[in-house]
Every structure is written in structure tokens, then in C-alpha cells.
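Visitor: Input file: start_18.txt. Contents: compact mmCIF, C-alpha atoms and all ligand atoms.
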```txt
# COMPACT_ATOMS: atom_id res chain seq x y z
CA MET A 10 0.00 0.00 0.00
CA VAL A 11 1.25 3.45 -0.82
CA ILE A 12 0.54 6.24 1.67
CA PHE A 13 0.16 9.87 0.58
CA LYS A 14 -0.15 12.89 2.80
CA ARG A 15 -0.05 15.43 -0.01
CA ILE A 16 -2.67 16.01 -2.71
CA ALA A 17 -0.19 16.71 -5.49
CA ALA A 18 1.73 13.44 -4.98
CA LEU A 19 -1.48 11.40 -4.77
CA GLN A 20 -2.85 12.94 -7.95
CA LYS A 21 0.39 12.33 -9.81
CA PHE A 22 0.29 8.68 -8.76
CA LEU A 23 -3.39 8.26 -9.68
CA GLN A 24 -2.91 9.96 -13.03
CA LYS A 25 -0.58 7.15 -14.09
CA HIS A 26 -3.24 4.55 -13.31
CA LYS A 27 -6.05 6.49 -14.90
CA SER A 28 -4.11 6.88 -18.13
CA ASN A 29 -3.99 3.03 -18.15
CA LYS A 30 -7.81 3.17 -18.05
CA HIS A 31 -7.88 1.75 -14.51
CA SER A 32 -11.02 2.53 -12.52
CA VAL A 33 -10.60 3.90 -9.01
CA GLY A 34 -12.83 3.02 -6.07
CA PHE A 35 -12.82 5.44 -3.15
CA VAL A 36 -13.60 4.67 0.50
CA PRO A 37 -13.56 7.81 2.67
CA THR A 38 -13.31 7.15 6.42
CA MET A 39 -12.48 8.82 9.70
CA GLY A 40 -10.27 5.93 10.80
CA ALA A 41 -10.49 3.68 13.88
CA LEU A 42 -11.22 1.05 11.25
CA HIS A 43 -13.37 -2.03 11.76
CA GLU A 44 -15.09 -4.76 9.72
CA GLY A 45 -17.69 -2.26 8.50
CA HIS A 46 -14.97 -0.27 6.75
CA PHE A 47 -13.46 -3.53 5.50
CA SER A 48 -16.75 -4.46 3.80
CA LEU A 49 -16.60 -1.23 1.77
CA LEU A 50 -12.99 -1.84 0.85
CA LYS A 51 -13.74 -5.44 -0.15
CA LYS A 52 -16.58 -4.24 -2.41
CA SER A 53 -14.29 -1.68 -3.98
CA LYS A 54 -11.65 -4.31 -4.66
CA GLU A 55 -14.33 -6.40 -6.38
CA ILE A 56 -15.52 -3.59 -8.64
CA ALA A 57 -12.59 -1.25 -9.22
CA ASN A 58 -9.01 -1.75 -10.40
CA LYS A 59 -7.48 0.38 -7.66
CA THR A 60 -8.84 1.23 -4.23
CA VAL A 61 -8.08 4.48 -2.45
CA CYS A 62 -9.03 4.81 1.20
CA SER A 63 -8.80 8.09 3.07
CA ILE A 64 -8.53 8.67 6.79
CA PHE A 65 -9.39 12.18 7.89
CA VAL A 66 -11.28 13.11 11.04
CA ASN A 67 -13.17 15.99 9.54
CA PRO A 68 -13.71 18.79 12.06
CA THR A 69 -16.42 20.55 10.02
CA GLN A 70 -18.87 17.67 10.44
CA PHE A 71 -18.73 17.67 14.25
CA ASN A 72 -21.40 19.93 15.69
CA ASN A 73 -20.16 19.01 19.17
CA PRO A 74 -16.48 19.92 19.84
CA GLU A 75 -16.30 17.37 22.71
CA ASP A 76 -17.34 14.61 20.30
CA PHE A 77 -14.54 15.70 17.94
CA LYS A 78 -11.97 15.70 20.76
CA LYS A 79 -13.01 12.24 21.91
CA TYR A 80 -13.20 10.67 18.44
CA PRO A 81 -11.04 7.51 18.56
CA ILE A 82 -7.72 7.70 16.69
CA ASN A 83 -5.82 4.51 15.94
CA ILE A 84 -3.62 5.32 12.98
CA GLU A 85 -0.91 2.64 13.34
CA GLN A 86 -3.49 -0.12 13.73
CA ASP A 87 -5.45 1.36 10.77
CA ILE A 88 -2.40 1.24 8.51
CA TYR A 89 -1.74 -2.35 9.58
CA LEU A 90 -5.35 -3.33 8.79
CA LEU A 91 -5.42 -1.55 5.43
CA GLU A 92 -2.23 -3.36 4.42
CA LYS A 93 -3.74 -6.66 5.54
CA TRP A 94 -7.00 -5.96 3.69
CA GLY A 95 -5.15 -5.20 0.46
CA CYS A 96 -5.86 -1.50 0.12
CA ASP A 97 -3.81 0.02 -2.71
CA VAL A 98 -3.57 3.63 -1.57
CA LEU A 99 -4.12 5.43 1.72
CA PHE A 100 -4.66 9.18 1.64
CA LEU A 101 -3.83 10.60 5.05
CA PRO A 102 -4.00 14.37 4.75
CA ASP A 103 -3.59 16.83 7.57
CA ILE A 104 -6.12 19.57 8.08
CA LYS A 105 -4.27 22.26 6.08
CA GLU A 106 -4.25 20.01 3.04
CA ILE A 107 -8.07 19.77 3.06
CA TYR A 108 -8.90 23.23 4.42
CA PRO A 109 -5.99 25.57 3.54
CA THR A 110 -7.95 28.63 4.67
CA GLU A 111 -10.89 29.34 6.98
CA ALA A 112 -12.93 30.25 3.90
CA ASP A 113 -12.62 26.62 2.74
CA LYS A 114 -14.70 25.60 5.75
CA LYS A 115 -17.62 27.80 4.73
CA GLU A 116 -18.96 26.31 1.50
CA SER A 117 -22.67 25.60 1.62
CA PHE A 118 -24.81 23.08 -0.26
CA ASN A 119 -28.54 23.09 -0.89
CA LEU A 120 -29.55 19.75 0.58
CA GLY A 121 -33.25 20.58 0.85
CA LYS A 122 -35.29 18.82 3.53
CA LEU A 123 -32.60 16.23 4.20
CA GLU A 124 -30.52 18.87 5.94
CA ASN A 125 -32.88 19.58 8.84
CA ILE A 126 -34.51 16.27 9.68
CA LEU A 127 -33.30 13.39 11.88
CA GLU A 128 -29.46 13.62 12.06
CA GLY A 129 -29.66 17.10 10.55
CA LYS A 130 -32.03 18.28 13.27
CA TYR A 131 -29.95 16.91 16.13
CA ARG A 132 -26.55 17.68 14.58
CA PRO A 133 -26.96 21.08 12.93
CA GLY A 134 -24.35 21.70 10.25
CA HIS A 135 -23.25 18.05 10.23
CA PHE A 136 -24.22 17.31 6.64
CA GLN A 137 -22.76 20.58 5.36
CA GLY A 138 -19.46 19.44 6.88
CA VAL A 139 -19.80 16.00 5.32
CA CYS A 140 -20.45 17.58 1.91
CA MET A 141 -17.51 19.97 2.24
CA VAL A 142 -15.02 17.20 2.92
CA VAL A 143 -16.46 14.68 0.43
CA LYS A 144 -16.55 17.28 -2.35
CA CYS A 145 -12.93 18.13 -1.64
CA LEU A 146 -11.89 14.45 -1.53
CA LEU A 147 -13.80 13.64 -4.73
CA ASN A 148 -12.06 16.50 -6.50
CA ILE A 149 -8.72 15.11 -5.40
CA VAL A 150 -9.31 11.40 -6.08
CA GLN A 151 -11.74 11.66 -9.01
CA PRO A 152 -12.99 8.10 -8.47
CA SER A 153 -15.35 6.06 -10.64
CA TYR A 154 -17.02 4.66 -7.52
CA LEU A 155 -17.69 6.08 -4.08
CA PHE A 156 -18.41 3.53 -1.31
CA ALA A 157 -20.59 4.28 1.71
CA GLY A 158 -22.33 2.26 4.42
CA GLN A 159 -26.07 1.91 4.96
CA LYS A 160 -25.32 2.31 8.67
CA ASP A 161 -25.24 6.07 7.92
CA TYR A 162 -28.38 5.93 5.83
CA GLN A 163 -29.20 9.64 5.77
CA GLN A 164 -25.60 10.36 4.87
CA CYS A 165 -25.99 8.05 1.85
CA LEU A 166 -28.97 10.11 0.64
CA VAL A 167 -26.98 13.30 1.25
CA LEU A 168 -24.06 11.89 -0.77
CA LEU A 169 -26.38 11.04 -3.65
CA LYS A 170 -27.59 14.62 -3.59
CA LEU A 171 -24.04 15.96 -3.40
CA LEU A 172 -22.94 13.91 -6.43
CA HIS A 173 -25.84 15.47 -8.32
CA ILE A 174 -25.10 19.02 -7.11
CA ILE A 175 -21.43 18.88 -8.06
CA ASN A 176 -22.14 16.96 -11.23
CA SER A 177 -19.76 14.18 -10.25
CA PRO A 178 -19.51 11.15 -12.54
CA ALA A 179 -18.78 8.91 -9.52
CA GLU A 180 -21.31 6.17 -8.81
CA LEU A 181 -22.38 5.76 -5.17
CA ILE A 182 -22.28 2.14 -3.98
CA ILE A 183 -24.16 1.63 -0.71
CA CYS A 184 -22.98 -1.39 1.31
CA PRO A 185 -25.03 -3.22 3.99
CA THR A 186 -24.45 -2.58 7.68
CA ILE A 187 -21.95 -4.94 9.28
CA ARG A 188 -22.85 -5.98 12.82
CA GLU A 189 -21.30 -7.61 15.85
CA LYS A 190 -22.62 -11.10 16.68
CA ASP A 191 -25.19 -9.61 19.08
CA GLY A 192 -26.53 -7.21 16.44
CA LEU A 193 -24.74 -4.01 17.45
CA ALA A 194 -23.85 -2.05 14.30
CA MET A 195 -20.08 -1.75 14.08
CA SER A 196 -18.90 1.79 14.65
CA SER A 197 -15.67 3.52 15.59
CA ARG A 198 -17.61 5.06 18.49
CA ASN A 199 -18.19 1.57 19.96
CA LEU A 200 -14.56 1.74 21.13
CA ARG A 201 -15.69 4.31 23.67
CA LEU A 202 -18.30 2.02 25.27
CA ASN A 203 -17.40 0.61 28.69
CA LYS A 204 -18.32 -2.95 29.64
CA ASN A 205 -21.82 -2.12 30.90
CA GLU A 206 -22.58 0.24 28.03
CA ARG A 207 -21.45 -2.42 25.58
CA ILE A 208 -23.92 -4.88 27.13
CA VAL A 209 -26.94 -2.59 26.58
CA ALA A 210 -25.84 -1.14 23.21
CA PRO A 211 -27.38 -4.01 21.11
CA GLU A 212 -30.81 -3.01 22.45
CA ILE A 213 -30.93 -0.42 19.67
CA PHE A 214 -30.83 -3.12 17.00
CA ASN A 215 -33.16 -5.38 19.04
CA THR A 216 -35.72 -2.57 19.25
CA LEU A 217 -35.46 -1.73 15.54
CA SER A 218 -35.80 -5.42 14.64
CA PHE A 219 -38.84 -5.77 16.90
CA MET A 220 -40.44 -2.73 15.23
CA GLN A 221 -39.64 -4.24 11.83
CA GLN A 222 -41.49 -7.45 12.79
CA GLN A 223 -44.51 -5.50 14.06
CA LEU A 224 -44.91 -3.28 11.00
CA LYS A 225 -48.22 -3.54 9.20
CA PRO A 226 -50.27 -1.18 7.05
CA GLY A 227 -52.27 1.49 8.88
CA SER A 228 -51.26 3.81 11.70
CA ILE A 229 -47.68 3.21 12.85
CA LYS A 230 -47.45 6.12 15.29
CA ASN A 231 -47.81 3.85 18.31
CA LEU A 232 -45.03 1.63 17.08
CA LYS A 233 -42.63 4.60 17.04
CA ALA A 234 -43.72 5.61 20.54
CA MET A 235 -43.19 2.01 21.67
CA GLY A 236 -39.64 2.07 20.28
CA ILE A 237 -38.78 5.29 22.12
CA ASP A 238 -40.32 3.94 25.31
CA ALA A 239 -38.47 0.60 25.13
CA LEU A 240 -35.09 2.29 24.67
CA THR A 241 -35.75 4.91 27.34
CA LYS A 242 -36.59 2.14 29.81
CA LYS A 243 -33.26 0.46 28.99
CA GLY A 244 -31.46 3.67 29.96
CA PHE A 245 -30.95 5.37 26.59
CA LYS A 246 -31.52 9.06 25.96
CA VAL A 247 -33.29 8.88 22.63
CA ASP A 248 -32.87 11.62 20.01
CA TYR A 249 -35.29 9.94 17.62
CA VAL A 250 -36.91 6.70 16.60
CA GLU A 251 -38.48 7.25 13.21
CA ILE A 252 -40.17 5.27 10.48
CA ALA A 253 -39.78 7.03 7.15
CA LYS A 254 -39.98 6.56 3.41
CA ALA A 255 -36.72 4.91 2.41
CA TYR A 256 -36.17 7.08 -0.67
CA ASN A 257 -36.53 10.53 0.91
CA LEU A 258 -36.81 10.01 4.70
CA GLU A 259 -40.23 11.67 4.86
CA SER A 260 -41.86 10.62 8.14
CA VAL A 261 -44.69 8.07 7.78
CA ASP A 262 -47.49 7.93 10.37
CA VAL A 263 -49.95 5.92 8.32
CA TRP A 264 -48.39 3.30 6.07
CA ASP A 265 -50.02 2.19 2.84
CA GLY A 266 -48.22 -1.14 2.90
CA ASN A 267 -46.39 -0.32 -0.35
CA ASP A 268 -43.83 2.43 0.25
CA PRO A 269 -40.42 0.97 1.11
CA LEU A 270 -39.65 2.05 4.67
CA ILE A 271 -36.64 2.60 6.85
CA ILE A 272 -36.70 2.50 10.64
CA LEU A 273 -34.02 4.75 12.11
CA CYS A 274 -32.76 5.52 15.56
CA ALA A 275 -30.24 7.78 17.28
CA ALA A 276 -29.75 7.40 21.01
CA PHE A 277 -27.19 8.14 23.70
CA ILE A 278 -25.80 5.68 26.21
CA ASN A 279 -24.37 8.12 28.73
CA ASP A 280 -22.39 10.51 26.48
CA ILE A 281 -21.92 8.16 23.52
CA ARG A 282 -24.31 8.66 20.64
CA LEU A 283 -25.11 5.64 18.49
CA ILE A 284 -27.17 5.43 15.32
CA ASP A 285 -28.65 2.51 13.45
CA ASN A 286 -31.38 1.64 10.97
CA VAL A 287 -33.14 -1.31 9.36
CA LYS A 288 -34.98 -1.37 6.06
CA TYR A 289 -38.43 -2.79 5.46
P1 LIG B 1 -16.71 6.63 9.28
O1 LIG B 1 -15.27 6.26 9.42
O2 LIG B 1 -17.53 6.33 10.49
O3 LIG B 1 -16.90 8.02 8.74
O4 LIG B 1 -17.30 5.66 8.17
C1 LIG B 1 -16.74 5.57 6.89
C2 LIG B 1 -17.66 4.78 6.02
O5 LIG B 1 -17.85 3.47 6.57
C3 LIG B 1 -19.07 5.40 5.92
O6 LIG B 1 -19.55 5.27 4.59
C4 LIG B 1 -19.88 4.55 6.87
O7 LIG B 1 -21.26 4.51 6.56
C5 LIG B 1 -19.23 3.19 6.67
N1 LIG B 1 -19.51 2.35 7.84
C6 LIG B 1 -19.31 2.66 9.13
N2 LIG B 1 -19.74 1.66 9.92
C7 LIG B 1 -20.23 0.69 9.10
C8 LIG B 1 -20.83 -0.60 9.32
N3 LIG B 1 -21.02 -1.08 10.52
N4 LIG B 1 -21.22 -1.29 8.22
C9 LIG B 1 -21.03 -0.81 6.97
N5 LIG B 1 -20.47 0.40 6.71
C10 LIG B 1 -20.08 1.13 7.75
```
Can the structure from this file be put into C-alpha cells for me?
Ligand code: AMP

Guide:
Amino acid sequence: MVIFKRIAALQKFLQKHKSNKHSVGFVPTMGALHEGHFSLLKKSKEIANKTVCSIFVNPTQFNNPEDFKKYPINIEQDIYLLEKWGCDVLFLPDIKEIYPTEADKKESFNLGKLENILEGKYRPGHFQGVCMVVKCLLNIVQPSYLFAGQKDYQQCLVLLKLLHIINSPAELIICPTIREKDGLAMSSRNLRLNKNERIVAPEIFNTLSFMQQQLKPGSIKNLKAMGIDALTKKGFKVDYVEIAKAYNLESVDVWDGNDPLIILCAAFINDIRLIDNVKY
């Protein structure tokens, strides 16, 4: 694996491959890598000739500075894993490479309703930050494919919108959520869970799965309330439990039995915020 810290060197390297008509798959991450990231990389290796992974903990997508400070960093282990997984290129920029000036942190994107619902409502500015960094990374890497996880479902819809806004030729490939044996969605933030928190964390997936089994056409408002109640009783502080149309995340209170749905949740265990979703 070749590691680049500078844009110019990475682009020079990629140019050589692109002139050989090699396709590039791109997996942007914030590091503290786990099997979820590996699944994206594996998919990229299946589809593309070369796989570029980036590790950059992007400050502009953290609405909470404490969350940014506490974000797990594990760079040596990450490099070891990427080597083991067969990644071709790691882009490891520092902040000045991505945001040379303060003005570079101010670009804004018209994301419509997606911006202010669910994650957007509870993490104001989060998706603007995601778009800023992904636009910048896409400009640098110019991939044929961009890989993202369903675990961050709203982010996937935001990325689709971003690709459209910036007229990017990259195709978004959404990969299924990888889970621990007990159902907990893998996440870098899981590293922050203590033993007791780790024991209750799978209740998020259990609750979403229970709701999934109970879904039937008609009013589904009570089902959402039941989800919130169940998690609150287990000790979570719930931001939201929502059932929404899978294609635009519009909230559904009465289901016609036809619209594809997604059941989403964000909840805190003490000060650690976890998100998850299941499709229906
Ligand atoms: P992050 O490092 O958390 O920014 O995640 C980088 C990419 O990995 C994003 O596209 C995530 O959606 C994806 N990802 C994170 N966790 C998982 C998981 N458990 N399963 C599949 N993809 C994931």
C-alpha cells in the first residue's frame, strides 16, 4: 500500500493509473477502522481496479467539539489493517491540506429537507461538513465509484444529492451494515463504550428489529412511541426513533403497505451517541 499525505503526490500517482484506463474506487473514512470499513474496501476491490481509502477526522462535520476531541484515533493499527485488507492507496492528509484557509470551511450546499430532519435536526451543520469534505476528496481522487455504508443511511442520501449538485460522474455504492454477533452495528464510536454500556448497546438493533417485525399497514405512530419507550426504559436518551420513506426520509405515520420504509434511531448511552437503521 502506498501512503500519501499530499494532494499533489497522490494525484500524480493516480494519473498514471487512470491513463492506463484503470477505474478507481474510493472509501472515505475517519479511521479507527473495523469490519464495516473492511466491507466497503472489499466491495471496492471487487468492482474497481485500484482502491483508495482516506482517513481524515473531519472537524467541520462535528457539531459538538467534545465529540470531535473524543473521536477515537488509531492510525498505526489502521495502517496495519489496510495493508492486511489489500488497500492500494491510503490518503492521510492533515487539516491544512483539506482546508488551507478558513474560507474553505464555509462552503454551503442546498440539501433541501434532508438537511434539517433526523441527524440534521440533532446535529446542525453536520451534513454541510460531510459535503464539504467529500466534495474536496472527490475532487482530489476523481474516483469512478464512491463507497458508503447503509449504517449512515441519511448520509448516503446526502451523498447522492451531493454527487448530483457537483455533477460528479462517480457512482455511489451503498454497502449493507456490518454488525457484531449480538446485532450491534459496528462503529468507531463503539470503542468508547465501557463494559456495561457495551452490554446494553445491542438493544438499539433489538428494538429496531422488533419494530420491523410488528410493521403492518395502517397507523404506525404507536409503534414509534413504543420504540422510544423501550429504549428509554433500557437507559438510553433517545434523540429519535423514526419510520420514514426509504427514498426521501419523509416521516410516515400511516403506512399504505407499499412504500419501502426505513426504521431509524439515534440514542445516547451516557455521552456516547449511536445510530442505526433497518430497512423494510
Ligand atoms: P466513518 O469512518 O464512520 O466516517 O465511516 C466511513 C464509512 O464506513 C461510511 O460510509 C460509513 O457509513 C461506513 N460504515 C461505518 N460503519 C459501518 C458498518 N457497521 N457497516 C457498513 N459500513 C459502515

Visitor: Using only C-alpha atoms and all ligand atoms, pick whichever of A:Asn29, A:Gln137, A:Asn205, A:Ser63 has the shortest atom-to-atom distance to ligand LIG 1 (chain B).

Guide: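 Ranking A:Asn29, A:Gln137, A:Asn205, A:Ser63 by distance to ligand LIG 1 (chain B), first place goes to A:Ser63.
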
Visitor: Atom CA of A:Val98 and atom C1 of ligand LIG 1 (chain B) are how many Å apart?

Guide: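 Interatomic distance here is 15.8 Å.
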
Visitor: Would you mind listing what lies within 10 Å of A:Ile174 as a PyMOL selection string, with only C-alpha atoms counted and same-chain residues fewer than 6 positions away left out?

Guide: chain A and resi 118-120+144+168

Visitor: With C-alpha atoms retained, write the just-selected residues as an mmCIF file, in the coordinates of the input.

Guide:
```cif
data_model
loop_
_atom_site.group_PDB
_atom_site.id
_atom_site.type_symbol
_atom_site.label_atom_id
_atom_site.label_comp_id
_atom_site.auth_asym_id
_atom_site.auth_seq_id
_atom_site.Cartn_x
_atom_site.Cartn_y
_atom_site.Cartn_z
ATOM 1 C CA PHE A 118 -24.810 23.080 -0.260
ATOM 2 C CA ASN A 119 -28.540 23.090 -0.890
ATOM 3 C CA LEU A 120 -29.550 19.750 0.580
ATOM 4 C CA LYS A 144 -16.550 17.280 -2.350
ATOM 5 C CA LEU A 168 -24.060 11.890 -0.770
#
```

Visitor: To check your reading of the model: which residues sit at most 7 Å from ligand LIG 1 (chain B) when counting all atoms listed in the file? Write the answer as a list of chain:residue names.

Guide: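 Those residues are A:Val36, A:Pro37, A:Thr38, A:Met39, A:Gly40, A:Leu42, A:Gly45, A:His46, A:Ser48, A:Leu49, A:Phe156, A:Ala157, A:Gly158, A:Gln159, A:Lys160, A:Asp161, A:Cys184, A:Pro185, A:Thr186, A:Ile187, A:Arg188, A:Ala194, A:Met195, A:Ser196, A:Ser197.
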
Visitor: With only C-alpha atoms as the atoms that count, which of A:Ser177, A:Asn267, A:Gln163, A:Gln20 lies nearest to A:Asp285?

Guide: A:Gln163

Visitor: Within 9 Å of A:Ala239, counting all atoms listed in the file, which residues qualify if same-chain residues fewer than 5 places away don't, as number ranges by chain?

Guide: A: 212, 216, 234

Visitor: Output, as lines of an AutoDock Vina configuration file, the centre and edge lengths in Å (one decimal) of the axis-aligned box that contains all listed atoms of stretch 115-123 of chain A with 5 Å of margin on each side.

Guide:
```
center_x = -26.5
center_y = 22.0
center_z = 1.9
size_x = 27.7
size_y = 21.6
size_z = 15.6
```

Visitor: Could you please determine the separation between atom CA of A:Asn215 and atom CA of A:Arg282 in Å, to one decimal place?

Guide: 16.7 Å

Visitor: Hey, which of A:Arg132, A:Lys122, A:Gln164, A:Leu270 ends up closest to A:Asp76? Count only C-alpha atoms.

Guide: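 Under the stated criterion, the closest residue is A:Arg132.
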